[in-house]
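K.L.:
Before I ask anything, here is the structure I am working with.
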Amino acid sequence: MSLESLKVYVTASKKDEQNSHGYRAQSSFSMLEHVDLMIQRYIAEKQTEKGAILLDVFGILQGLFVAIDALYDLAIGLTQYKYHVNVNSNPTLHELKYIRNDIVGHPTHRTYPNGGMGFSILSPEHLSKERFTYHTYIFEKNKMEVNTKDVYITPLFEAYEEEKNNILNDIFKYLTHIETETNIPEDIYSLYETLNLDLLHEIKEKFKKEYELDEKSSHRFLWRADLLDLLINWDEEDKELKEIVFYMSKFQASKMYEIALDLENRKGADLYTPIPSLLLSFYKFMRKNEKVALPLLKNIHDYHHPLFHSDLAALLSLNPSKDAAKLLRFLKHADAEPKAFLIGSALKSYRPKSK
């Protein structure tokens, strides 16, 4: 799917002072065109001089970083929602933002919990337009840790191009989709009540058929369906942890319900699941330690974030209650990235007191 295929919709999008969607779509479309030109030029133009290589590498990292934002904004501008975009599900592009922050964003000073600091240095011996290496030096509690990262540009381009095409394709199919009222929301309401795995699979296939989505689609409805599949099959012996898994299952089903209704411009029931006692205990711990603990929740759902483990350790060091500590250890011992995301997202749902 080419970017050009959406140009007529961008041009036709309403642009006025009461609604920002048209201008958002136009700005995003323009930026995506610019980044395509940058990638073409980056590949075509050979460089051997160090300063020129650095300029190209810095520019393309920032360009890709901005392009990912533009994909989200193009989806919102044309459809009102970001349901068609979930770049974080792509491991290569998810890591891109950390690489960009290390090299272009804050290479000379990164702060960590407990007063730690980090500095990233490019290796001059391994610097070309095809590949570069950098070392990050982290100083924390009078100890130094060195992390080395090798970055290859071609896989970044390939991952971006594939993800961009999938997203543009999904947006195009949504825009050309004839609006109809289906029974998908009603099926999801039943799914919310029963958490039946066979029903989940039926709904997923029905949704893919209705919106013409293929297996490569990163649509958030399909992503949440996969998360719910994991949750329904997630077995916990501990009663309190089982309640957490049940709560997370209900939450994912409710988000699927919300997406299905939005795509049909419909309103539905208010699906509310009581917060389990373990999670309430964690929220009480957060309220008591909000000033210090709140910043530590920012990345607690992102297992691959450079600060994930240190933020989790910092939360555990705040002397949480028995129940709050149990929930934090549940996250610490999560044996897969999606599980860490689900538990971390539940923790991150804490709402700070209004100032």
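Just remember, in the structure tokens the first chain shown is A, the second B, etc., residues are 1-based per chain, and ligands are 1-based in the order shown.
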Residues of segment 170-345 of chain A classed as helix (DSSP H, G or I) by DSSP on the backbone are to be reported as number ranges by chain.

P.N.:
A: 170-175, 184-194, 197-210, 220-232, 239-263, 277-288, 290-297, 308-316, 322-332, 337-345

K.L.:
Using C-alpha atoms, can you write the selected residues to a file as an mmCIF file, in the first residue's frame?

P.N.:
data_model
loop_
_atom_site.group_PDB
_atom_site.id
_atom_site.type_symbol
_atom_site.label_atom_id
_atom_site.label_comp_id
_atom_site.auth_asym_id
_atom_site.auth_seq_id
_atom_site.Cartn_x
_atom_site.Cartn_y
_atom_site.Cartn_z
ATOM 1 C CA ASP A 170 -5.615 -0.956 7.377
ATOM 2 C CA ILE A 171 -6.487 2.754 7.290
ATOM 3 C CA PHE A 172 -7.406 2.551 3.604
ATOM 4 C CA LYS A 173 -9.663 -0.457 4.186
ATOM 5 C CA TYR A 174 -11.365 1.339 7.061
ATOM 6 C CA LEU A 175 -11.971 4.455 4.950
ATOM 7 C CA ILE A 184 -19.693 -7.949 17.079
ATOM 8 C CA PRO A 185 -20.202 -5.606 20.081
ATOM 9 C CA GLU A 186 -22.995 -7.834 21.394
ATOM 10 C CA ASP A 187 -20.753 -10.888 21.007
ATOM 11 C CA ILE A 188 -18.012 -9.124 22.948
ATOM 12 C CA TYR A 189 -20.479 -8.270 25.702
ATOM 13 C CA SER A 190 -21.127 -12.014 26.030
ATOM 14 C CA LEU A 191 -17.381 -12.587 25.951
ATOM 15 C CA TYR A 192 -16.948 -10.102 28.798
ATOM 16 C CA GLU A 193 -19.480 -12.069 30.836
ATOM 17 C CA THR A 194 -18.162 -15.559 30.049
ATOM 18 C CA LEU A 197 -12.042 -18.946 24.575
ATOM 19 C CA ASP A 198 -14.000 -20.390 21.625
ATOM 20 C CA LEU A 199 -16.158 -17.255 21.518
ATOM 21 C CA LEU A 200 -13.038 -15.095 21.548
ATOM 22 C CA HIS A 201 -11.667 -16.934 18.508
ATOM 23 C CA GLU A 202 -14.994 -16.565 16.680
ATOM 24 C CA ILE A 203 -15.095 -12.830 17.377
ATOM 25 C CA LYS A 204 -11.519 -12.343 16.223
ATOM 26 C CA GLU A 205 -12.171 -14.061 12.899
ATOM 27 C CA LYS A 206 -15.440 -12.178 12.430
ATOM 28 C CA PHE A 207 -13.692 -8.852 13.070
ATOM 29 C CA LYS A 208 -10.893 -9.653 10.604
ATOM 30 C CA LYS A 209 -13.429 -10.571 7.939
ATOM 31 C CA GLU A 210 -15.604 -7.494 8.537
ATOM 32 C CA ARG A 220 -5.302 -2.842 18.327
ATOM 33 C CA PHE A 221 -8.450 -4.937 18.409
ATOM 34 C CA LEU A 222 -6.492 -8.001 17.256
ATOM 35 C CA TRP A 223 -3.649 -7.174 19.643
ATOM 36 C CA ARG A 224 -6.047 -6.995 22.587
ATOM 37 C CA ALA A 225 -7.708 -10.216 21.441
ATOM 38 C CA ASP A 226 -4.319 -11.927 21.588
ATOM 39 C CA LEU A 227 -3.720 -10.521 25.067
ATOM 40 C CA LEU A 228 -7.105 -11.829 26.193
ATOM 41 C CA ASP A 229 -6.266 -15.232 24.702
ATOM 42 C CA LEU A 230 -3.121 -15.288 26.841
ATOM 43 C CA LEU A 231 -5.075 -14.234 29.948
ATOM 44 C CA ILE A 232 -7.795 -16.853 29.546
ATOM 45 C CA LYS A 239 -6.222 -16.975 44.829
ATOM 46 C CA GLU A 240 -5.270 -13.275 44.989
ATOM 47 C CA LEU A 241 -3.132 -13.460 41.848
ATOM 48 C CA LYS A 242 -5.922 -15.369 40.108
ATOM 49 C CA GLU A 243 -8.196 -12.401 40.893
ATOM 50 C CA ILE A 244 -5.661 -10.067 39.246
ATOM 51 C CA VAL A 245 -5.606 -12.218 36.084
ATOM 52 C CA PHE A 246 -9.421 -12.282 36.065
ATOM 53 C CA TYR A 247 -9.531 -8.481 36.415
ATOM 54 C CA MET A 248 -7.029 -8.011 33.576
ATOM 55 C CA SER A 249 -9.106 -10.381 31.399
ATOM 56 C CA LYS A 250 -12.260 -8.362 31.991
ATOM 57 C CA PHE A 251 -10.381 -5.146 31.215
ATOM 58 C CA GLN A 252 -9.112 -6.405 27.848
ATOM 59 C CA ALA A 253 -12.603 -7.604 26.893
ATOM 60 C CA SER A 254 -14.008 -4.183 27.812
ATOM 61 C CA LYS A 255 -11.420 -2.436 25.610
ATOM 62 C CA MET A 256 -12.350 -4.711 22.693
ATOM 63 C CA TYR A 257 -15.996 -3.806 23.306
ATOM 64 C CA GLU A 258 -15.117 -0.105 23.242
ATOM 65 C CA ILE A 259 -13.182 -0.403 19.970
ATOM 66 C CA ALA A 260 -15.953 -2.383 18.257
ATOM 67 C CA LEU A 261 -18.561 0.194 19.271
ATOM 68 C CA ASP A 262 -16.394 3.147 18.196
ATOM 69 C CA LEU A 263 -15.829 1.672 14.742
ATOM 70 C CA SER A 277 -8.035 -6.136 46.816
ATOM 71 C CA LEU A 278 -4.376 -6.669 45.880
ATOM 72 C CA LEU A 279 -4.496 -3.860 43.346
ATOM 73 C CA LEU A 280 -6.322 -1.569 45.773
ATOM 74 C CA SER A 281 -3.518 -2.167 48.274
ATOM 75 C CA PHE A 282 -0.981 -1.160 45.645
ATOM 76 C CA TYR A 283 -2.921 2.047 44.901
ATOM 77 C CA LYS A 284 -2.937 2.876 48.635
ATOM 78 C CA PHE A 285 0.824 2.382 48.690
ATOM 79 C CA MET A 286 1.129 4.710 45.692
ATOM 80 C CA ARG A 287 -1.005 7.388 47.351
ATOM 81 C CA LYS A 288 1.196 7.273 50.451
ATOM 82 C CA GLU A 290 3.110 9.448 45.410
ATOM 83 C CA LYS A 291 5.810 12.106 45.126
ATOM 84 C CA VAL A 292 8.605 9.541 44.821
ATOM 85 C CA ALA A 293 6.709 6.585 43.363
ATOM 86 C CA LEU A 294 4.622 8.224 40.626
ATOM 87 C CA PRO A 295 7.545 8.853 38.201
ATOM 88 C CA LEU A 296 8.539 5.196 38.644
ATOM 89 C CA LEU A 297 5.226 4.052 37.112
ATOM 90 C CA PHE A 308 12.062 -1.047 33.666
ATOM 91 C CA HIS A 309 14.110 -3.136 36.085
ATOM 92 C CA SER A 310 15.594 -0.185 37.972
ATOM 93 C CA ASP A 311 12.176 1.467 38.374
ATOM 94 C CA LEU A 312 10.703 -1.796 39.658
ATOM 95 C CA ALA A 313 13.592 -2.187 42.115
ATOM 96 C CA ALA A 314 13.097 1.412 43.248
ATOM 97 C CA LEU A 315 9.386 0.764 43.946
ATOM 98 C CA LEU A 316 10.264 -2.317 45.987
ATOM 99 C CA LYS A 322 2.748 -6.906 52.104
ATOM 100 C CA ASP A 323 0.035 -6.920 49.431
ATOM 101 C CA ALA A 324 1.633 -4.180 47.329
ATOM 102 C CA ALA A 325 4.984 -5.984 47.481
ATOM 103 C CA LYS A 326 3.277 -9.218 46.413
ATOM 104 C CA LEU A 327 1.926 -7.509 43.307
ATOM 105 C CA LEU A 328 5.306 -5.964 42.485
ATOM 106 C CA ARG A 329 6.985 -9.359 42.836
ATOM 107 C CA PHE A 330 4.289 -10.779 40.548
ATOM 108 C CA LEU A 331 5.490 -8.310 37.922
ATOM 109 C CA LYS A 332 9.159 -9.004 38.664
ATOM 110 C CA GLU A 337 6.915 -9.610 27.857
ATOM 111 C CA PRO A 338 3.112 -9.609 27.319
ATOM 112 C CA LYS A 339 2.542 -10.697 30.918
ATOM 113 C CA ALA A 340 4.797 -7.899 32.169
ATOM 114 C CA PHE A 341 2.838 -5.459 30.004
ATOM 115 C CA LEU A 342 -0.499 -6.603 31.407
ATOM 116 C CA ILE A 343 0.561 -6.477 35.053
ATOM 117 C CA GLY A 344 2.469 -3.226 34.599
ATOM 118 C CA SER A 345 -0.502 -1.604 32.854
#

K.L.:
Can you list, as a VMD selection string, every protein, DNA or RNA residue that comes within 12 Å of Asn88 of chain A when you count only C-alpha atoms, leaving out same-chain residues fewer than 2 positions away?

P.N.:
chain A and resid 68 to 69 72 85 to 86 90 to 98 159 to 160 163 218 to 220 223 301 to 305 337 to 338 341

K.L.:
Using atom CA of Asp335 of chain A and atom CA of Thr136 of chain A as the two end points, give the distance in Å to one decimal.

P.N.:
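Computing it gives 26.2 Å between the two atoms.
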
K.L.:
Kindly provide the residues of segment 68-157 of chain A that approach segment 264-271 of chain A to within 12 Å, each paired with its closest atom pair and their distance in Å to one decimal, based on only C-alpha atoms, listed by chain and increasing number, as CSV.

P.N.:
residue,atom,partner,partner_atom,distance
A:Thr79,CA,A:Asn265,CA,11.3
A:Gln80,CA,A:Asn265,CA,11.0
A:Tyr81,CA,A:Asn265,CA,11.6

K.L.:
Please save all heavy atoms of the selected residues as a compact mmCIF listing (two decimals), in the first residue's frame.

P.N.:
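In the end it all went to again_29.txt:
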# COMPACT_ATOMS: atom_id res chain seq x y z
N THR A 79 -9.29 8.86 10.84
CA THR A 79 -10.31 7.94 11.38
C THR A 79 -10.81 8.35 12.76
O THR A 79 -11.75 7.73 13.26
CB THR A 79 -9.75 6.51 11.49
OG1 THR A 79 -8.84 6.43 12.60
CG2 THR A 79 -9.04 6.08 10.22
N GLN A 80 -10.17 9.34 13.39
CA GLN A 80 -10.45 9.81 14.75
C GLN A 80 -9.83 8.91 15.82
O GLN A 80 -9.82 9.26 17.00
CB GLN A 80 -11.95 9.92 15.04
CG GLN A 80 -12.70 10.87 14.11
CD GLN A 80 -14.16 10.99 14.52
OE1 GLN A 80 -14.47 11.31 15.66
NE2 GLN A 80 -15.05 10.72 13.57
N TYR A 81 -9.32 7.74 15.42
CA TYR A 81 -8.79 6.79 16.40
C TYR A 81 -7.38 6.35 16.01
O TYR A 81 -6.97 6.47 14.86
CB TYR A 81 -9.69 5.55 16.49
CG TYR A 81 -11.13 5.87 16.75
CD1 TYR A 81 -12.11 5.71 15.75
CD2 TYR A 81 -11.55 6.34 17.99
CE1 TYR A 81 -13.44 5.99 15.98
CE2 TYR A 81 -12.89 6.64 18.24
CZ TYR A 81 -13.83 6.47 17.23
OH TYR A 81 -15.14 6.76 17.47

K.L.:
Rank A:Glu140, A:Leu6, A:Lys149, A:Glu158 by their smallest atom-to-atom distance to Ser120 of chain A, using only C-alpha atoms, and report the top residue only.

P.N.:
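Smallest separation from Ser120 of chain A among the options: A:Lys149.
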
K.L.:
List every residue of segment 103-202 of chain A that has an atom at most 8 Å from any atom of segment 57-65 of chain A, and for each one report the closest atom pair and its distance in Å to one decimal, counting only C-alpha atoms, with rows sorted by chain and then by increasing residue number, as a tab-separated table.

P.N.:
residue	atom	partner	partner_atom	distance
A:Ile103	CA	A:Phe58	CA	7.6
A:Val104	CA	A:Phe58	CA	6.2
A:Lys129	CA	A:Val57	CA	6.6
A:Tyr160	CA	A:Leu64	CA	7.8

K.L.:
How many Å separate atom CA of Thr273 of chain A from atom CA of Asn289 of chain A?

P.N.:
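That distance, rounded to one decimal, is 25.8 Å.
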
K.L.:
What is the atom CA of Leu213 of chain A to atom CA of Thr182 of chain A distance in Å?

P.N.:
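So the answer is 16.1 Å.
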
K.L.:
Could you give me, as a ChimeraX atom specification, each residue of segment 61-302 of chain A that DSSP assigns to strand (DSSP E or B) when run on this structure's backbone?

P.N.:
/A:110-111,117-127,131-140,143-152
